[in-house]
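Asker: Can you keep this structure in mind? I'll have questions shortly.
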Amino acid sequence: MAASNELRFHEFEEAAELLSATPTATTASTGARQSHTTVDVGPGYEEGEPGEDADSAELLGGQRKPRSFWTFEYYQAFFDVDTYQVLDRIKGSVMPLPGKNFVRHHLRNNPDLYGPFWICATLVFALAISGNLSHLPEKQASPSFHYSPQFHKVTIAATIVYCYAWLVPLALWGYLRWRQGAGARAGAYSFLETVCVYGYSLFAYIPAAVLWLIPAAWLQWLLLAVAALLSASVLALTFWPLVRADGRAAAVALLAAVVSLHTLLAVCCKLYFFQRPPSAGPAPSPLHTTLGTEPHRSRAPQHFSNLSQPASSRQ
């Protein structure tokens, strides 16, 4: 108790001396002085700019947009998705439900290029590899069979798939923007959302391309019809709210063109990568070869016998 009173007395004396020297100064208790720590910084320390903390907080919060089109961060934002979001969008592309718009219920104003890029790449290799393997049973029956991988089909499949996944959405987006005029409606889709919808809609063709290895023509066409129906339904349900305001006839015509192009892609891939190779004719039998040469052998002696006769008798 006496020690505590003595400590307080010393604090009072220090405060009195400080106030007598600088009347405007403030004092702190011993506990506050002990909890206060000082950091000794070197001469090279530079204080940050006033707006640096705000910019960092805005960037971490996900609300800062890239400044330039040529920066890496500009494209990094298009691949900022997690596995759950990609799987949810794939699920929505193979199970279209009436009343559920793919853009509004799955993209939620956050379109990505990660899913469409890898879906197109997987479809390219599925078409090239499955189409190459589908010819093996027919070629192995030939005695002169020699397997040679057809790598050029990978290039052809990549050209077809990626051109379709970019050029057709670009044409559709440009048409919708032109139809709406300069003042587009607030509900219109952006070009990135249009590309994203088309990219995810191609996922239904991947299992169909793998199952086309089954050597049954009717089953292959049935799988193509089911995949095209599911894939085109996603596009029809997504773009119908944008085109129905132009009239039923114009809306149906536009959606018919979209569905026809989407189905035509599957039909062209099926006919090109899984077409049956031309069957070679059967090898000629030895009997046929012998019979085919017999008339020539029989006519040769007769020709020489005619030459040996006199000219008068030949006339």
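Chain labels run A, B, ... following the order of the structure tokens; each chain numbers its residues from 1, and ligands are numbered from 1 in the order shown.
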Which residues are close to region 197-199 of chain A, i.e. within 7 Å by only C-alpha atoms, leaving aside same-chain residues fewer than 4 positions away? Reply as a tab-separated table (two decimals) with all heavy atoms, in the first residue's frame.
Answerer:
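Output saved as part19.tsv:
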```tsv
chain	number	residue	atom	x	y	z
A	116	PRO	N	-15.43	-22.02	-71.02
A	116	PRO	CA	-15.52	-22.18	-72.48
A	116	PRO	C	-14.23	-22.59	-73.15
A	116	PRO	O	-14.24	-23.39	-74.09
A	116	PRO	CB	-15.97	-20.78	-72.94
A	116	PRO	CG	-16.72	-20.24	-71.78
A	116	PRO	CD	-16.01	-20.74	-70.57
A	119	ILE	N	-13.65	-26.34	-72.32
A	119	ILE	CA	-14.69	-27.17	-72.94
A	119	ILE	C	-14.42	-27.32	-74.43
A	119	ILE	O	-14.52	-28.41	-74.99
A	119	ILE	CB	-16.07	-26.54	-72.68
A	119	ILE	CG1	-16.46	-26.74	-71.21
A	119	ILE	CG2	-17.13	-27.15	-73.59
A	119	ILE	CD1	-17.75	-26.05	-70.82
A	120	CYS	N	-14.05	-26.24	-75.10
A	120	CYS	CA	-13.72	-26.31	-76.53
A	120	CYS	C	-12.48	-27.17	-76.76
A	120	CYS	O	-12.44	-27.96	-77.71
A	120	CYS	CB	-13.51	-24.91	-77.09
A	120	CYS	SG	-15.01	-23.89	-77.16
A	165	ALA	N	-17.18	-21.10	-81.83
A	165	ALA	CA	-17.41	-20.58	-80.48
A	165	ALA	C	-17.13	-19.09	-80.36
A	165	ALA	O	-17.56	-18.48	-79.37
A	165	ALA	CB	-16.54	-21.35	-79.47
A	169	PRO	N	-21.09	-16.31	-81.90
A	169	PRO	CA	-21.53	-15.36	-80.87
A	169	PRO	C	-21.27	-13.91	-81.23
A	169	PRO	O	-22.08	-13.04	-80.89
A	169	PRO	CB	-20.72	-15.78	-79.64
A	169	PRO	CG	-20.37	-17.20	-79.87
A	169	PRO	CD	-20.19	-17.33	-81.35
A	193	GLU	N	-20.69	-12.34	-72.18
A	193	GLU	CA	-21.75	-13.24	-71.74
A	193	GLU	C	-22.24	-14.12	-72.89
A	193	GLU	O	-22.53	-15.31	-72.69
A	193	GLU	CB	-22.91	-12.42	-71.17
A	193	GLU	CG	-22.60	-11.76	-69.84
A	193	GLU	CD	-23.71	-10.85	-69.36
A	193	GLU	OE1	-24.52	-10.42	-70.22
A	193	GLU	OE2	-23.77	-10.55	-68.16
```
Asker: Report as a short mmCIF file (atom, residue, chain, number, x, y, z; two decimals) with N, CA, C and O atoms, in the first residue's frame all protein, DNA and RNA residues lying within 9 Å of His262 (chain A), evaluated on only C-alpha atoms, omitting residues in the same chain fewer than 3 positions from it.
Answerer:
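The file below, selection_19.cif, is the result:
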```cif
data_model
loop_
_atom_site.label_atom_id
_atom_site.label_comp_id
_atom_site.auth_asym_id
_atom_site.auth_seq_id
_atom_site.Cartn_x
_atom_site.Cartn_y
_atom_site.Cartn_z
N TYR A 164 -16.30 -21.46 -84.50
CA TYR A 164 -17.73 -21.43 -84.20
C TYR A 164 -17.99 -20.77 -82.84
O TYR A 164 -18.93 -19.98 -82.70
N LEU A 202 -21.57 -26.09 -75.53
CA LEU A 202 -20.89 -27.14 -76.29
C LEU A 202 -20.50 -28.35 -75.43
O LEU A 202 -20.01 -29.35 -75.96
N ALA A 228 -27.69 -32.43 -79.36
CA ALA A 228 -28.07 -31.19 -80.04
C ALA A 228 -29.32 -30.58 -79.41
O ALA A 228 -29.44 -29.35 -79.29
N SER A 231 -28.21 -29.03 -76.00
CA SER A 231 -27.31 -27.89 -76.21
C SER A 231 -28.06 -26.70 -76.81
O SER A 231 -27.86 -25.55 -76.39
N ALA A 232 -28.89 -26.96 -77.80
CA ALA A 232 -29.62 -25.86 -78.43
C ALA A 232 -30.71 -25.30 -77.53
O ALA A 232 -31.08 -24.12 -77.66
N ALA A 257 -32.51 -20.01 -86.71
CA ALA A 257 -31.17 -19.90 -87.29
C ALA A 257 -30.10 -20.29 -86.28
O ALA A 257 -29.13 -20.98 -86.61
N VAL A 258 -30.28 -19.87 -85.02
CA VAL A 258 -29.31 -20.21 -83.98
C VAL A 258 -29.27 -21.72 -83.74
O VAL A 258 -28.20 -22.34 -83.67
N VAL A 259 -30.45 -22.34 -83.64
CA VAL A 259 -30.51 -23.78 -83.40
C VAL A 259 -30.00 -24.56 -84.61
O VAL A 259 -29.31 -25.58 -84.46
N LEU A 265 -23.27 -27.85 -86.71
CA LEU A 265 -21.92 -28.11 -86.22
C LEU A 265 -21.76 -29.58 -85.83
O LEU A 265 -20.76 -30.22 -86.19
N ALA A 266 -22.73 -30.12 -85.11
CA ALA A 266 -22.65 -31.52 -84.69
C ALA A 266 -22.73 -32.46 -85.89
O ALA A 266 -22.01 -33.46 -85.97
#
```
Asker: Could you list, as a PyMOL selection string, every residue within 10 Å of Phe273 (chain A), counting only C-alpha atoms and ignoring same-chain residues fewer than 4 positions away?
Answerer: chain A and resi 127-132+134-135+153+156-157+209+268-269
Asker: Considering only helix (DSSP H, G or I) as DSSP defines it on the backbone, what residues of region 174-263 of chain A qualify? List them as a tab-separated table (two decimals) with C-alpha atoms, in the first residue's frame.
Answerer:
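Saved as out.tsv:
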```
chain	number	residue	atom	x	y	z
A	174	GLY	CA	-23.60	-7.65	-83.29
A	175	TYR	CA	-27.04	-8.32	-84.73
A	176	LEU	CA	-28.74	-7.82	-81.35
A	177	ARG	CA	-26.86	-4.57	-80.79
A	178	TRP	CA	-27.76	-3.33	-84.26
A	179	ARG	CA	-31.41	-4.29	-83.80
A	180	GLN	CA	-31.66	-2.46	-80.50
A	191	PHE	CA	-20.27	-9.96	-75.82
A	192	LEU	CA	-18.46	-11.85	-73.05
A	193	GLU	CA	-21.75	-13.24	-71.74
A	194	THR	CA	-22.74	-14.36	-75.25
A	195	VAL	CA	-19.41	-16.15	-75.74
A	196	CYS	CA	-19.71	-17.73	-72.32
A	197	VAL	CA	-23.18	-19.12	-73.08
A	198	TYR	CA	-22.02	-20.62	-76.37
A	199	GLY	CA	-18.91	-22.11	-74.78
A	200	TYR	CA	-20.78	-23.89	-72.01
A	201	SER	CA	-23.49	-25.06	-74.42
A	202	LEU	CA	-20.89	-27.14	-76.29
A	203	PHE	CA	-20.31	-29.39	-73.27
A	204	ALA	CA	-23.16	-31.74	-74.27
A	205	TYR	CA	-21.24	-32.67	-77.43
A	206	ILE	CA	-18.24	-34.05	-75.49
A	207	PRO	CA	-19.86	-37.27	-74.15
A	208	ALA	CA	-21.64	-37.70	-77.48
A	209	ALA	CA	-18.30	-37.59	-79.34
A	210	VAL	CA	-16.88	-40.25	-77.02
A	211	LEU	CA	-19.94	-42.51	-77.36
A	217	ALA	CA	-25.16	-45.93	-86.90
A	218	TRP	CA	-28.66	-45.59	-85.39
A	219	LEU	CA	-27.21	-45.12	-81.89
A	220	GLN	CA	-24.74	-42.51	-83.11
A	221	TRP	CA	-27.47	-40.43	-84.72
A	222	LEU	CA	-29.67	-40.82	-81.64
A	223	LEU	CA	-26.87	-39.53	-79.39
A	224	LEU	CA	-26.32	-36.63	-81.78
A	225	ALA	CA	-30.02	-35.71	-81.64
A	226	VAL	CA	-30.11	-35.80	-77.82
A	227	ALA	CA	-26.90	-33.74	-77.47
A	228	ALA	CA	-28.07	-31.19	-80.04
A	229	LEU	CA	-31.47	-30.89	-78.33
A	230	LEU	CA	-29.97	-30.24	-74.90
A	231	SER	CA	-27.31	-27.89	-76.21
A	232	ALA	CA	-29.62	-25.86	-78.43
A	233	SER	CA	-32.27	-25.61	-75.70
A	234	VAL	CA	-29.81	-23.64	-73.54
A	235	LEU	CA	-29.34	-21.10	-76.33
A	236	ALA	CA	-33.05	-20.86	-77.09
A	237	LEU	CA	-34.04	-20.30	-73.45
A	238	THR	CA	-31.25	-17.77	-72.97
A	239	PHE	CA	-31.88	-15.55	-76.01
A	240	TRP	CA	-35.67	-15.81	-76.17
A	241	PRO	CA	-36.27	-12.94	-73.68
A	242	LEU	CA	-34.18	-10.63	-75.87
A	243	VAL	CA	-35.87	-11.35	-79.20
A	244	ARG	CA	-39.50	-11.93	-78.26
A	245	ALA	CA	-40.19	-8.18	-78.19
A	246	ASP	CA	-39.66	-8.00	-81.98
A	248	ARG	CA	-43.22	-13.87	-82.68
A	249	ALA	CA	-42.30	-14.48	-86.33
A	250	ALA	CA	-38.98	-12.61	-86.16
A	251	ALA	CA	-38.07	-14.19	-82.83
A	252	VAL	CA	-38.81	-17.71	-84.06
A	253	ALA	CA	-36.83	-17.10	-87.25
A	254	LEU	CA	-33.78	-15.90	-85.32
A	255	LEU	CA	-33.90	-18.76	-82.85
A	256	ALA	CA	-34.36	-21.22	-85.71
A	257	ALA	CA	-31.17	-19.90	-87.29
A	258	VAL	CA	-29.31	-20.21	-83.98
A	259	VAL	CA	-30.51	-23.78	-83.40
A	260	SER	CA	-29.83	-24.78	-87.02
A	261	LEU	CA	-26.23	-23.58	-86.88
A	262	HIS	CA	-25.70	-25.35	-83.57
A	263	THR	CA	-27.09	-28.60	-84.93
```
Asker: One decimal, in Å: what's the spacing between CA of Trp212 (chain A) and CA of Met95 (chain A)?
Answerer: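 Pair CA of Trp212 (chain A) / CA of Met95 (chain A) returns 21.1 Å.
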Asker: Quick one, how far is CA of Gln76 (chain A) from CA of Leu172 (chain A)?
Answerer: 25.3 Å
Asker: Please determine, counting only C-alpha atoms, which residue among A:Leu107, A:Leu113, A:Ala188, A:Ile90 has the shortest atom-to-atom distance to Phe78 (chain A).
Answerer: A:Leu113
Asker: Can you measure CA of Leu271 (chain A) to CA of Leu170 (chain A) for me? One decimal in Å is fine.
Answerer: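 CA of Leu271 (chain A) sits 26.0 Å away from CA of Leu170 (chain A).
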